[in-house]
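Participant: Take this structure, written in structure tokens, and hold onto it; I'll ask about it next.
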Amino acid sequence: MNQADLESFIKELGLEKFRAKQIYEWIYKKSVRDFSEMTNLSQKVRDQIAAKANIGSLKLVTRETSSDGTEKFLFETADGEKLESVLMFIENDDYDEEDDFYDTPAGRYSACISSQVGCAVACPFCATGTLGLKKNLSSSEIIEQILFMQNLSNQRIGNIVYMGQGEPFNNYDAVLESIRKTQADIGIGARRITVSTSGVIPKINAFAKEDLQITLALSLHDPTNEGRDFLVPINRKWPVFEVIDALKSYVDKTNRRVTIEYVLLNDVNDSVEKAKILGHLIKDLHCNINLIPYNQTNTNDPFTRSSSKNIADFSRVLRQFCKGKTVTVRKERGHDINAACGQLANSVS
Ligand code: SAH
Ligand code: SF4
């Protein structure tokens with residue numbers, strides 16, 4: 001419910017209109033999850049509302065903390081499915097976007113949230129992909145992850161990445177609504193929200209028309225159709241050149257620089273030759289590149305993380321081809337609790 005929804009709900013209960021605003025503030029600004037904590041409401045009013053409503057529907061199953069401070073939360077939906085969300089602290093040094101600004105001198109909390117339980121895209125290096133698709137999350141279940149983590153950690157979250165489980169654009173309507181609510185109700189600015197997609201072209205095109213200032217990231221992972229057909233199987237439907245063209249139109253429409261994500265798999269997609277093809281492919285695309293050294297999963301997949309030499313060579317060559325673009329290597333977080341990119345598979349480590 002947004003504030004208007006709350007107002008009609010409050011009206012039905014025969015309560016004063018300003019109660020809606022109070023409740024709205026408790027839920028969205030203070031991340032309270034229990035009516036009993038709403039101290040500016042009388043006990044009678046709290047009881048009356050609690051008899052009719054719940055705040056959220058997720059249950060916390062486990063909470064794990066990594067040695068680097070990253071936290072992973074396993075939640076259960078009302079229909080018994082499990083999903084994971086990750087909360088990490090990103091130091092200011094790790095931000096390099098020109099239009100970025102900071103909450104605190106040190107950095108800010110960033111939440112990685114899930115849009116589906118499991119995922120149908122089945123990238124062979126991703127633990128979520130092995131689950132298959134179990135369920136689309138509702139927009140409430142998506143934003144509740146943010147509010148629940150703020151509640152549990154007592155921290156204000158300043159940055160959202162749709163990089164948990166699921167392909168956001170295979171759950172387009174709920175994801176779009178959740179983005180709007182994250183902006184309007186939770187108060188996180190568009191420029192601090194990133195959606196990562198494996199390349200669902202019709203939805204990239206639709207998203208371009210939504211007039212949002214969020215960052216769009218594409219999981220590219222190989223610059224050739226041959227390689228990408230294997231690593232990101234959705235490529236068989238929406239091939240590399242078409243997806244890059246869709247991103248170019250996205251940039252034209254939104255004026256936003258996109259991000260290219262590229263997982264580095266040892267001796268699979270990390271050759272200097274591939275770096276050159278990649279550099280050529282994205283030459284005219286207004287983008288930054290984020291290289292993600294592969295994180296080992298529990299799935300017995302055949303991949304290993306690129307050697308330091310391969311990572312260094314690949315990024316050096318790519319940088320030569322990408323003047324004016326930033327090439328960063330993603331810092332690993334939460335590996336020891338299986339919270340790093342690609343490790344989310346609803347298991348407790
Ligand atoms: N489903 C979306 C968002 C998810 S994940 C997508 O694929 O874009 C965020 C990034 O982590 C994606 O680029 C994804 O390909 C990558 N990733 C998946 N498994 C990984 C692994 N084992 N190690 C490193 N990165 C991985
Ligand atoms: Fe799905 Fe993304 Fe994992 Fe591929 S990498 S299986 S699209 S969650």
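Chain identifiers are assigned as A, B, and so on, following the order in which chains appear in the structure tokens; residues are numbered from 1 within each chain, and ligands are numbered from 1 in order of appearance.
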Please extract the residues at most 6 Å from ligand 2, counting only C-alpha atoms and all ligand atoms, and provide them as JSON, numbers by chain, using the chain letters and residue numbers of this document.

Facilitator: {"A": [119, 121, 122, 123, 126, 128, 129, 165, 166, 167, 198]}

Participant: If you take only C-alpha atoms and all ligand atoms and a cut-off of 7 Å, which residues of chain A touch ligand 1, and what are their nearest atom pairs and distances in Å to one decimal, in chain and number order, as CSV?

Facilitator:
residue,atom,partner,partner_atom_place_in_ligand_line,distance
A:Phe125,CA,ligand 1,22 (N),5.0
A:Cys126,CA,ligand 1,19 (N),3.5
A:Ala127,CA,ligand 1,19 (N),6.4
A:Tyr162,CA,ligand 1,3 (C),6.2
A:Met163,CA,ligand 1,4 (C),3.9
A:Gly164,CA,ligand 1,4 (C),5.3
A:Gln165,CA,ligand 1,4 (C),6.1
A:Gly166,CA,ligand 1,1 (N),4.8
A:Glu167,CA,ligand 1,1 (N),3.9
A:Pro168,CA,ligand 1,1 (N),6.5
A:Ser196,CA,ligand 1,8 (O),4.2
A:Thr197,CA,ligand 1,8 (O),3.8
A:Ser198,CA,ligand 1,8 (O),4.3
A:Leu218,CA,ligand 1,8 (O),5.9
A:Ser219,CA,ligand 1,13 (O),4.2
A:Glu261,CA,ligand 1,13 (O),5.2
A:Tyr262,CA,ligand 1,13 (O),6.4
A:Val263,CA,ligand 1,25 (N),5.3
A:Ile292,CA,ligand 1,24 (C),5.5
A:Pro293,CA,ligand 1,24 (C),5.8
A:Tyr294,CA,ligand 1,23 (N),3.6
A:Asn295,CA,ligand 1,23 (N),3.8
A:Gln296,CA,ligand 1,22 (N),5.6
A:Thr297,CA,ligand 1,22 (N),5.7
A:Cys341,CA,ligand 1,25 (N),4.5
A:Gly342,CA,ligand 1,19 (N),3.0
A:Gln343,CA,ligand 1,22 (N),5.7

Participant: So that I can see what lies close to His286 of chain A, please list as a PDB file with N, CA, C and O atoms, in the first residue's frame the residues with an atom at most 12 Å from it, counting only C-alpha atoms and leaving out residues fewer than 3 positions away in the same chain.

Facilitator:
ATOM      1  N   LEU A 216      20.919   0.523 -16.132  1.00  0.00           N
ATOM      2  CA  LEU A 216      20.648  -0.801 -16.679  1.00  0.00           C
ATOM      3  C   LEU A 216      21.989  -1.505 -16.899  1.00  0.00           C
ATOM      4  O   LEU A 216      22.924  -0.917 -17.444  1.00  0.00           O
ATOM      5  N   ALA A 217      22.058  -2.746 -16.431  1.00  0.00           N
ATOM      6  CA  ALA A 217      23.280  -3.533 -16.626  1.00  0.00           C
ATOM      7  C   ALA A 217      22.944  -4.756 -17.472  1.00  0.00           C
ATOM      8  O   ALA A 217      21.888  -5.359 -17.299  1.00  0.00           O
ATOM      9  N   ILE A 244      23.083  -5.667 -28.171  1.00  0.00           N
ATOM     10  CA  ILE A 244      23.892  -4.440 -28.117  1.00  0.00           C
ATOM     11  C   ILE A 244      23.140  -3.289 -28.812  1.00  0.00           C
ATOM     12  O   ILE A 244      23.121  -2.154 -28.317  1.00  0.00           O
ATOM     13  N   ASP A 245      22.473  -3.601 -29.914  1.00  0.00           N
ATOM     14  CA  ASP A 245      21.662  -2.569 -30.585  1.00  0.00           C
ATOM     15  C   ASP A 245      20.550  -2.069 -29.672  1.00  0.00           C
ATOM     16  O   ASP A 245      20.255  -0.869 -29.624  1.00  0.00           O
ATOM     17  N   LEU A 247      20.632  -1.959 -26.493  1.00  0.00           N
ATOM     18  CA  LEU A 247      21.241  -1.083 -25.481  1.00  0.00           C
ATOM     19  C   LEU A 247      21.542   0.296 -26.060  1.00  0.00           C
ATOM     20  O   LEU A 247      21.380   1.318 -25.378  1.00  0.00           O
ATOM     21  N   LYS A 248      21.967   0.317 -27.309  1.00  0.00           N
ATOM     22  CA  LYS A 248      22.243   1.624 -27.926  1.00  0.00           C
ATOM     23  C   LYS A 248      20.968   2.457 -27.992  1.00  0.00           C
ATOM     24  O   LYS A 248      20.982   3.656 -27.700  1.00  0.00           O
ATOM     25  N   SER A 249      19.874   1.820 -28.352  1.00  0.00           N
ATOM     26  CA  SER A 249      18.607   2.571 -28.376  1.00  0.00           C
ATOM     27  C   SER A 249      18.228   3.006 -26.967  1.00  0.00           C
ATOM     28  O   SER A 249      17.682   4.097 -26.766  1.00  0.00           O
ATOM     29  N   TYR A 250      18.495   2.142 -26.000  1.00  0.00           N
ATOM     30  CA  TYR A 250      18.199   2.493 -24.610  1.00  0.00           C
ATOM     31  C   TYR A 250      18.969   3.758 -24.206  1.00  0.00           C
ATOM     32  O   TYR A 250      18.415   4.681 -23.609  1.00  0.00           O
ATOM     33  N   VAL A 251      20.242   3.792 -24.564  1.00  0.00           N
ATOM     34  CA  VAL A 251      21.071   4.959 -24.245  1.00  0.00           C
ATOM     35  C   VAL A 251      20.525   6.197 -24.963  1.00  0.00           C
ATOM     36  O   VAL A 251      20.407   7.278 -24.374  1.00  0.00           O
ATOM     37  N   ASP A 252      20.154   6.036 -26.238  1.00  0.00           N
ATOM     38  CA  ASP A 252      19.618   7.169 -26.992  1.00  0.00           C
ATOM     39  C   ASP A 252      18.373   7.735 -26.322  1.00  0.00           C
ATOM     40  O   ASP A 252      18.187   8.943 -26.234  1.00  0.00           O
ATOM     41  N   THR A 254      17.293   7.267 -23.094  1.00  0.00           N
ATOM     42  CA  THR A 254      17.357   7.650 -21.681  1.00  0.00           C
ATOM     43  C   THR A 254      18.517   8.579 -21.360  1.00  0.00           C
ATOM     44  O   THR A 254      18.553   9.157 -20.271  1.00  0.00           O
ATOM     45  N   ASN A 255      19.499   8.630 -22.267  1.00  0.00           N
ATOM     46  CA  ASN A 255      20.708   9.392 -21.973  1.00  0.00           C
ATOM     47  C   ASN A 255      21.497   8.844 -20.796  1.00  0.00           C
ATOM     48  O   ASN A 255      22.267   9.568 -20.176  1.00  0.00           O
ATOM     49  N   ARG A 256      21.253   7.596 -20.477  1.00  0.00           N
ATOM     50  CA  ARG A 256      21.965   6.982 -19.354  1.00  0.00           C
ATOM     51  C   ARG A 256      23.014   6.018 -19.881  1.00  0.00           C
ATOM     52  O   ARG A 256      22.746   5.230 -20.769  1.00  0.00           O
ATOM     53  N   ARG A 257      24.169   6.067 -19.261  1.00  0.00           N
ATOM     54  CA  ARG A 257      25.219   5.118 -19.595  1.00  0.00           C
ATOM     55  C   ARG A 257      24.837   3.744 -19.037  1.00  0.00           C
ATOM     56  O   ARG A 257      24.361   3.660 -17.906  1.00  0.00           O
ATOM     57  N   VAL A 258      25.001   2.702 -19.800  1.00  0.00           N
ATOM     58  CA  VAL A 258      24.675   1.364 -19.303  1.00  0.00           C
ATOM     59  C   VAL A 258      25.942   0.686 -18.770  1.00  0.00           C
ATOM     60  O   VAL A 258      27.050   1.195 -18.961  1.00  0.00           O
ATOM     61  N   THR A 259      25.748  -0.421 -18.086  1.00  0.00           N
ATOM     62  CA  THR A 259      26.885  -1.191 -17.576  1.00  0.00           C
ATOM     63  C   THR A 259      26.932  -2.536 -18.291  1.00  0.00           C
ATOM     64  O   THR A 259      25.897  -3.169 -18.487  1.00  0.00           O
ATOM     65  N   ILE A 260      28.120  -2.940 -18.673  1.00  0.00           N
ATOM     66  CA  ILE A 260      28.309  -4.276 -19.248  1.00  0.00           C
ATOM     67  C   ILE A 260      28.977  -5.136 -18.179  1.00  0.00           C
ATOM     68  O   ILE A 260      30.062  -4.802 -17.680  1.00  0.00           O
ATOM     69  N   LEU A 281      33.156  -4.709 -30.053  1.00  0.00           N
ATOM     70  CA  LEU A 281      31.690  -4.826 -30.002  1.00  0.00           C
ATOM     71  C   LEU A 281      31.039  -3.612 -29.332  1.00  0.00           C
ATOM     72  O   LEU A 281      29.999  -3.133 -29.765  1.00  0.00           O
ATOM     73  N   ILE A 282      31.669  -3.133 -28.253  1.00  0.00           N
ATOM     74  CA  ILE A 282      31.014  -2.075 -27.474  1.00  0.00           C
ATOM     75  C   ILE A 282      31.631  -0.695 -27.728  1.00  0.00           C
ATOM     76  O   ILE A 282      31.362   0.254 -26.990  1.00  0.00           O
ATOM     77  N   LYS A 283      32.417  -0.643 -28.785  1.00  0.00           N
ATOM     78  CA  LYS A 283      33.123   0.609 -29.113  1.00  0.00           C
ATOM     79  C   LYS A 283      32.187   1.818 -29.117  1.00  0.00           C
ATOM     80  O   LYS A 283      32.482   2.848 -28.520  1.00  0.00           O
ATOM     81  N   ILE A 289      32.302  -0.914 -17.975  1.00  0.00           N
ATOM     82  CA  ILE A 289      32.407  -2.374 -17.957  1.00  0.00           C
ATOM     83  C   ILE A 289      32.790  -2.836 -16.559  1.00  0.00           C
ATOM     84  O   ILE A 289      33.682  -2.284 -15.927  1.00  0.00           O
ATOM     85  N   CYS A 322      38.885   0.698 -24.841  1.00  0.00           N
ATOM     86  CA  CYS A 322      37.715   1.358 -24.259  1.00  0.00           C
ATOM     87  C   CYS A 322      38.059   2.711 -23.665  1.00  0.00           C
ATOM     88  O   CYS A 322      37.758   2.980 -22.504  1.00  0.00           O
ATOM     89  N   LYS A 323      38.682   3.534 -24.444  1.00  0.00           N
ATOM     90  CA  LYS A 323      38.984   4.877 -23.964  1.00  0.00           C
ATOM     91  C   LYS A 323      37.666   5.601 -23.655  1.00  0.00           C
ATOM     92  O   LYS A 323      36.705   5.480 -24.413  1.00  0.00           O
ATOM     93  N   GLY A 324      37.651   6.289 -22.527  1.00  0.00           N
ATOM     94  CA  GLY A 324      36.421   7.005 -22.167  1.00  0.00           C
ATOM     95  C   GLY A 324      35.416   6.135 -21.427  1.00  0.00           C
ATOM     96  O   GLY A 324      34.371   6.610 -20.996  1.00  0.00           O
ATOM     97  N   LYS A 325      35.721   4.871 -21.297  1.00  0.00           N
ATOM     98  CA  LYS A 325      34.850   3.977 -20.521  1.00  0.00           C
ATOM     99  C   LYS A 325      35.634   3.534 -19.293  1.00  0.00           C
ATOM    100  O   LYS A 325      36.852   3.435 -19.328  1.00  0.00           O
ATOM    101  N   THR A 326      34.907   3.253 -18.213  1.00  0.00           N
ATOM    102  CA  THR A 326      35.589   2.753 -17.028  1.00  0.00           C
ATOM    103  C   THR A 326      35.526   1.234 -17.019  1.00  0.00           C
ATOM    104  O   THR A 326      34.456   0.661 -17.206  1.00  0.00           O
TER     105      THR A 326
END

Participant: Which is closest to Ser110 of chain A among A:Leu60, A:Ile142, A:Ala53, A:Ile193, if we use only C-alpha atoms?

Facilitator: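 When distances to Ser110 of chain A are compared using only C-alpha atoms, the smallest one comes from A:Ile193.
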
Participant: Just asking: which residues within segment 114-208 of chain A are helix (DSSP H, G or I) according to DSSP, as a ChimeraX atom specification?

Facilitator: /A:128-131,139-153,168-186,190-192,201-208

Participant: Using DSSP on the backbone, list every residue of segment 104-307 of chain A that comes out as strand (DSSP E), and give them as a PyMOL selection string.

Facilitator: chain A and resi 107-112+116-119+132-136+157-162+193-197+215-219+258-264+287-293

Participant: Got time to write the residues from that selection, N, CA and C atoms, as a compact mmCIF listing (two decimals), in the first residue's frame?

Facilitator:
# COMPACT_ATOMS: atom_id res chain seq x y z
N GLY A 107 30.89 5.69 3.07
CA GLY A 107 30.29 4.88 2.01
C GLY A 107 28.81 4.70 2.28
N ARG A 108 28.26 3.63 1.75
CA ARG A 108 26.84 3.42 1.98
C ARG A 108 26.46 1.94 1.89
N TYR A 109 25.32 1.63 2.45
CA TYR A 109 24.83 0.27 2.38
C TYR A 109 24.13 0.03 1.06
N SER A 110 24.45 -1.10 0.47
CA SER A 110 23.87 -1.46 -0.81
C SER A 110 23.18 -2.81 -0.65
N ALA A 111 21.97 -2.91 -1.17
CA ALA A 111 21.23 -4.16 -1.06
C ALA A 111 21.13 -4.82 -2.42
N CYS A 112 21.40 -6.12 -2.41
CA CYS A 112 21.24 -6.92 -3.63
C CYS A 112 19.97 -7.75 -3.43
N GLN A 116 13.00 -13.09 -8.53
CA GLN A 116 12.30 -14.36 -8.73
C GLN A 116 12.87 -15.38 -7.74
N VAL A 117 12.13 -16.45 -7.52
CA VAL A 117 12.71 -17.59 -6.81
C VAL A 117 13.22 -18.52 -7.90
N GLY A 118 14.55 -18.74 -7.92
CA GLY A 118 15.15 -19.49 -9.02
C GLY A 118 15.18 -18.63 -10.27
N CYS A 119 15.52 -19.24 -11.39
CA CYS A 119 15.61 -18.50 -12.65
C CYS A 119 15.58 -19.49 -13.80
N GLY A 132 16.08 -23.71 -11.66
CA GLY A 132 14.92 -23.53 -12.54
C GLY A 132 14.06 -22.42 -11.95
N LEU A 133 13.00 -22.05 -12.66
CA LEU A 133 12.14 -20.99 -12.12
C LEU A 133 11.09 -21.60 -11.20
N LYS A 134 11.04 -21.09 -9.97
CA LYS A 134 10.03 -21.59 -9.03
C LYS A 134 8.86 -20.62 -8.89
N LYS A 135 9.18 -19.33 -8.94
CA LYS A 135 8.10 -18.36 -8.69
C LYS A 135 8.56 -16.95 -9.05
N ASN A 136 7.63 -16.17 -9.56
CA ASN A 136 7.86 -14.74 -9.71
C ASN A 136 7.52 -14.07 -8.38
N ILE A 157 19.46 1.92 3.80
CA ILE A 157 20.05 1.42 2.57
C ILE A 157 20.03 2.53 1.52
N GLY A 158 21.17 2.75 0.87
CA GLY A 158 21.25 3.88 -0.06
C GLY A 158 21.37 3.47 -1.51
N ASN A 159 21.45 2.18 -1.74
CA ASN A 159 21.73 1.70 -3.09
C ASN A 159 21.08 0.32 -3.30
N ILE A 160 20.44 0.16 -4.45
CA ILE A 160 19.77 -1.12 -4.71
C ILE A 160 20.27 -1.72 -6.00
N VAL A 161 20.63 -2.99 -5.98
CA VAL A 161 20.94 -3.69 -7.23
C VAL A 161 20.01 -4.90 -7.37
N TYR A 162 19.36 -4.99 -8.52
CA TYR A 162 18.52 -6.16 -8.81
C TYR A 162 19.45 -7.22 -9.38
N ILE A 193 19.73 2.96 -8.27
CA ILE A 193 19.10 1.65 -8.50
C ILE A 193 19.67 1.08 -9.80
N THR A 194 20.11 -0.17 -9.75
CA THR A 194 20.60 -0.83 -10.95
C THR A 194 19.83 -2.12 -11.18
N VAL A 195 19.37 -2.30 -12.42
CA VAL A 195 18.72 -3.56 -12.80
C VAL A 195 19.65 -4.29 -13.74
N SER A 196 19.91 -5.55 -13.44
CA SER A 196 20.79 -6.35 -14.29
C SER A 196 19.97 -7.39 -15.04
N THR A 197 20.14 -7.43 -16.35
CA THR A 197 19.39 -8.39 -17.16
C THR A 197 20.34 -9.24 -18.00
N THR A 215 20.05 2.74 -13.58
CA THR A 215 21.13 2.17 -14.39
C THR A 215 20.73 0.77 -14.85
N LEU A 216 20.92 0.52 -16.13
CA LEU A 216 20.65 -0.80 -16.68
C LEU A 216 21.99 -1.50 -16.90
N ALA A 217 22.06 -2.75 -16.43
CA ALA A 217 23.28 -3.53 -16.63
C ALA A 217 22.94 -4.76 -17.47
N LEU A 218 23.84 -5.10 -18.39
CA LEU A 218 23.64 -6.29 -19.21
C LEU A 218 24.70 -7.33 -18.85
N SER A 219 24.26 -8.54 -18.59
CA SER A 219 25.20 -9.64 -18.38
C SER A 219 25.62 -10.16 -19.75
N VAL A 258 25.00 2.70 -19.80
CA VAL A 258 24.67 1.36 -19.30
C VAL A 258 25.94 0.69 -18.77
N THR A 259 25.75 -0.42 -18.09
CA THR A 259 26.88 -1.19 -17.58
C THR A 259 26.93 -2.54 -18.29
N ILE A 260 28.12 -2.94 -18.67
CA ILE A 260 28.31 -4.28 -19.25
C ILE A 260 28.98 -5.14 -18.18
N GLU A 261 28.30 -6.21 -17.80
CA GLU A 261 28.90 -7.15 -16.83
C GLU A 261 29.52 -8.31 -17.61
N TYR A 262 30.67 -8.75 -17.12
CA TYR A 262 31.37 -9.82 -17.83
C TYR A 262 32.04 -10.71 -16.79
N VAL A 263 31.49 -11.90 -16.61
CA VAL A 263 32.06 -12.83 -15.63
C VAL A 263 33.33 -13.43 -16.24
N LEU A 264 34.39 -13.52 -15.45
CA LEU A 264 35.65 -14.05 -15.99
C LEU A 264 35.84 -15.49 -15.57
N CYS A 287 28.96 3.13 -22.30
CA CYS A 287 28.87 2.15 -21.20
C CYS A 287 30.12 2.14 -20.33
N ASN A 288 29.99 1.54 -19.16
CA ASN A 288 31.13 1.15 -18.35
C ASN A 288 31.16 -0.37 -18.30
N ILE A 289 32.30 -0.91 -17.97
CA ILE A 289 32.41 -2.37 -17.96
C ILE A 289 32.79 -2.84 -16.56
N ASN A 290 32.07 -3.84 -16.11
CA ASN A 290 32.34 -4.40 -14.80
C ASN A 290 32.71 -5.87 -14.97
N LEU A 291 33.97 -6.18 -14.71
CA LEU A 291 34.43 -7.57 -14.84
C LEU A 291 34.21 -8.28 -13.51
N ILE A 292 33.63 -9.46 -13.57
CA ILE A 292 33.31 -10.18 -12.33
C ILE A 292 34.07 -11.51 -12.30
N PRO A 293 35.17 -11.58 -11.57
CA PRO A 293 35.86 -12.87 -11.48
C PRO A 293 34.86 -13.91 -10.92

Participant: Give me, please, the distance in Å between atom CA of Ile55 of chain A and atom CA of Asn338 of chain A, quoted to one decimal.

Facilitator: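 If I compute the distance from atom CA of Ile55 of chain A to atom CA of Asn338 of chain A, I get 28.9 Å.
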
Participant: In Å, how far is it from atom CA of Asn54 of chain A to atom CA of Glu16 of chain A?

Facilitator: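 Atom CA of Asn54 of chain A sits 19.5 Å away from atom CA of Glu16 of chain A.
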
Participant: Got a sec: who's within 10 Å of segment 38-50 of chain A, counting only C-alpha atoms, leaving out chain neighbours fewer than 5 positions off, as an MDAnalysis selection string?

Facilitator: chainID A and resid 9:10 13 15 19 22:23 25:27 30 32:33 55

Participant: Could the residues in this selection be saved with N, CA, C and O atoms as a short mmCIF file (atom, residue, chain, number, x, y, z; two decimals), in the first residue's frame?

Facilitator:
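To be explicit, this is the file written out as part11.cif:
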data_model
loop_
_atom_site.label_atom_id
_atom_site.label_comp_id
_atom_site.auth_asym_id
_atom_site.auth_seq_id
_atom_site.Cartn_x
_atom_site.Cartn_y
_atom_site.Cartn_z
N PHE A 9 -7.77 2.54 3.37
CA PHE A 9 -7.85 1.48 4.37
C PHE A 9 -8.25 2.05 5.75
O PHE A 9 -9.13 1.54 6.45
N ILE A 10 -7.60 3.17 6.08
CA ILE A 10 -7.85 3.81 7.37
C ILE A 10 -9.30 4.34 7.44
O ILE A 10 -9.96 4.25 8.48
N LEU A 13 -11.75 1.74 8.23
CA LEU A 13 -11.76 1.40 9.66
C LEU A 13 -12.40 2.49 10.50
O LEU A 13 -12.54 2.36 11.72
N LEU A 15 -11.14 5.49 10.98
CA LEU A 15 -10.13 6.27 11.72
C LEU A 15 -9.82 7.58 11.00
O LEU A 15 -10.12 7.74 9.82
N ARG A 19 -3.88 9.34 10.37
CA ARG A 19 -3.28 8.06 10.82
C ARG A 19 -2.55 7.38 9.66
O ARG A 19 -1.53 6.72 9.85
N GLN A 22 0.88 8.65 9.40
CA GLN A 22 1.72 8.15 10.50
C GLN A 22 2.19 6.72 10.20
O GLN A 22 3.36 6.39 10.33
N ILE A 23 1.24 5.90 9.78
CA ILE A 23 1.58 4.49 9.52
C ILE A 23 2.55 4.39 8.34
O ILE A 23 3.53 3.63 8.38
N GLU A 25 4.74 6.54 7.40
CA GLU A 25 6.09 6.93 7.85
C GLU A 25 6.76 5.81 8.64
O GLU A 25 7.94 5.53 8.46
N TRP A 26 5.99 5.16 9.49
CA TRP A 26 6.58 4.07 10.28
C TRP A 26 7.07 2.95 9.36
O TRP A 26 8.15 2.40 9.54
N ILE A 27 6.25 2.61 8.39
CA ILE A 27 6.58 1.47 7.53
C ILE A 27 7.72 1.81 6.56
O ILE A 27 8.70 1.08 6.46
N LYS A 30 10.75 4.34 8.64
CA LYS A 30 11.44 3.77 9.81
C LYS A 30 11.54 2.26 9.73
O LYS A 30 12.07 1.61 10.64
N VAL A 32 9.55 -0.10 10.29
CA VAL A 32 8.94 -0.84 11.40
C VAL A 32 8.09 -1.98 10.83
O VAL A 32 7.46 -1.84 9.79
N ARG A 33 8.10 -3.13 11.50
CA ARG A 33 7.37 -4.29 10.99
C ARG A 33 6.26 -4.75 11.94
O ARG A 33 5.66 -5.80 11.75
N ILE A 55 2.13 -6.25 8.33
CA ILE A 55 3.14 -5.48 7.61
C ILE A 55 4.07 -6.50 6.95
O ILE A 55 4.83 -7.19 7.61
#

Participant: Using Å and a single decimal, report how far atom CA of Asn205 of chain A sits from atom CA of His280 of chain A.

Facilitator: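 Atom-to-atom, atom CA of His280 of chain A and atom CA of Asn205 of chain A are spaced 23.1 Å apart.
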
Participant: Between A:Leu212, A:Val317, A:Leu137, A:Leu152, which has the minimum distance to Thr62 of chain A (counting only C-alpha atoms)?

Facilitator: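 Once distances to Thr62 of chain A are computed over only C-alpha atoms, the minimum belongs to A:Leu152.
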
Participant: Point out the residue among A:Val232, A:Ile143, A:Phe89, A:Phe73 with the least atom-to-atom distance to Lys331 of chain A, counting only C-alpha atoms.

Facilitator: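 Smallest separation from Lys331 of chain A among the options: A:Phe89.
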
Participant: Do a neighbour search on Tyr28 of chain A at 10 Å with only C-alpha atoms, toss out local chain neighbours closer than 2 positions, and write the hits as a list in words.

Facilitator: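 Within the cut-off, the hits are Asn2, Gln3, Ile23, Tyr24, Glu25, Trp26, Lys30, Ser31, Val32, Arg33, Glu144, Ile146, Leu147, Gln150, Lys181, Thr182, Ala184, Asp185, Ile186 and Gly187 of chain A.
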
Participant: Store the residues of this selection in a file with N, CA, C and O atoms, as a compact mmCIF listing (two decimals), in the first residue's frame.

Facilitator:
# COMPACT_ATOMS: atom_id res chain seq x y z
N ASN A 2 0.52 2.17 -0.86
CA ASN A 2 1.17 3.48 -0.75
C ASN A 2 0.31 4.36 0.17
O ASN A 2 -0.66 3.87 0.77
N GLN A 3 0.65 5.64 0.23
CA GLN A 3 -0.07 6.45 1.21
C GLN A 3 -1.56 6.57 0.87
O GLN A 3 -2.42 6.52 1.75
N ILE A 23 1.24 5.90 9.78
CA ILE A 23 1.58 4.49 9.52
C ILE A 23 2.55 4.39 8.34
O ILE A 23 3.53 3.63 8.38
N TYR A 24 2.27 5.19 7.33
CA TYR A 24 3.14 5.22 6.15
C TYR A 24 4.59 5.54 6.56
O TYR A 24 5.54 4.88 6.14
N GLU A 25 4.74 6.54 7.40
CA GLU A 25 6.09 6.93 7.85
C GLU A 25 6.76 5.81 8.64
O GLU A 25 7.94 5.53 8.46
N TRP A 26 5.99 5.16 9.49
CA TRP A 26 6.58 4.07 10.28
C TRP A 26 7.07 2.95 9.36
O TRP A 26 8.15 2.40 9.54
N LYS A 30 10.75 4.34 8.64
CA LYS A 30 11.44 3.77 9.81
C LYS A 30 11.54 2.26 9.73
O LYS A 30 12.07 1.61 10.64
N SER A 31 11.00 1.68 8.69
CA SER A 31 11.08 0.23 8.45
C SER A 31 10.55 -0.61 9.61
O SER A 31 11.06 -1.71 9.88
N VAL A 32 9.55 -0.10 10.29
CA VAL A 32 8.94 -0.84 11.40
C VAL A 32 8.09 -1.98 10.83
O VAL A 32 7.46 -1.84 9.79
N ARG A 33 8.10 -3.13 11.50
CA ARG A 33 7.37 -4.29 10.99
C ARG A 33 6.26 -4.75 11.94
O ARG A 33 5.66 -5.80 11.75
N GLU A 144 9.83 -5.50 0.01
CA GLU A 144 9.90 -5.89 1.43
C GLU A 144 11.31 -6.35 1.80
O GLU A 144 11.75 -6.20 2.94
N ILE A 146 14.00 -4.95 0.96
CA ILE A 146 14.74 -3.74 1.34
C ILE A 146 14.34 -3.30 2.74
O ILE A 146 15.18 -3.05 3.61
N LEU A 147 13.02 -3.22 2.96
CA LEU A 147 12.54 -2.74 4.25
C LEU A 147 12.93 -3.69 5.38
O LEU A 147 13.30 -3.26 6.48
N GLN A 150 16.54 -3.23 6.21
CA GLN A 150 16.75 -1.98 6.98
C GLN A 150 16.33 -2.20 8.43
O GLN A 150 17.00 -1.77 9.36
N LYS A 181 8.06 1.98 -6.49
CA LYS A 181 7.81 2.09 -5.05
C LYS A 181 9.09 2.35 -4.27
O LYS A 181 9.08 3.05 -3.26
N THR A 182 10.17 1.77 -4.75
CA THR A 182 11.45 2.00 -4.08
C THR A 182 11.79 3.49 -4.14
O THR A 182 12.26 4.08 -3.17
N ALA A 184 9.46 6.09 -4.86
CA ALA A 184 8.44 6.96 -4.30
C ALA A 184 8.23 6.74 -2.80
O ALA A 184 8.06 7.70 -2.06
N ASP A 185 8.24 5.51 -2.36
CA ASP A 185 7.88 5.23 -0.97
C ASP A 185 9.10 5.06 -0.06
O ASP A 185 9.15 5.62 1.02
N ILE A 186 10.08 4.29 -0.52
CA ILE A 186 11.26 4.10 0.34
C ILE A 186 12.19 5.30 0.21
O ILE A 186 12.93 5.63 1.13
N GLY A 187 12.14 5.97 -0.94
CA GLY A 187 12.90 7.20 -1.08
C GLY A 187 14.33 6.99 -1.57
O GLY A 187 15.23 7.76 -1.23

Participant: Give me the residues within 6 Å of Ser139 of chain A as a ChimeraX atom specification, counting only C-alpha atoms and dropping any in the same chain fewer than 2 places off.

Facilitator: /A:141-142,174,177-178

Participant: Could you give me, as a PyMOL selection string, the residues within 8 Å of segment 268-279 of chain A, counting only C-alpha atoms and dropping anything in the same chain fewer than 6 positions from it?

Facilitator: chain A and resi 221-224+227+306+310-311+313-315+317-318+321-322
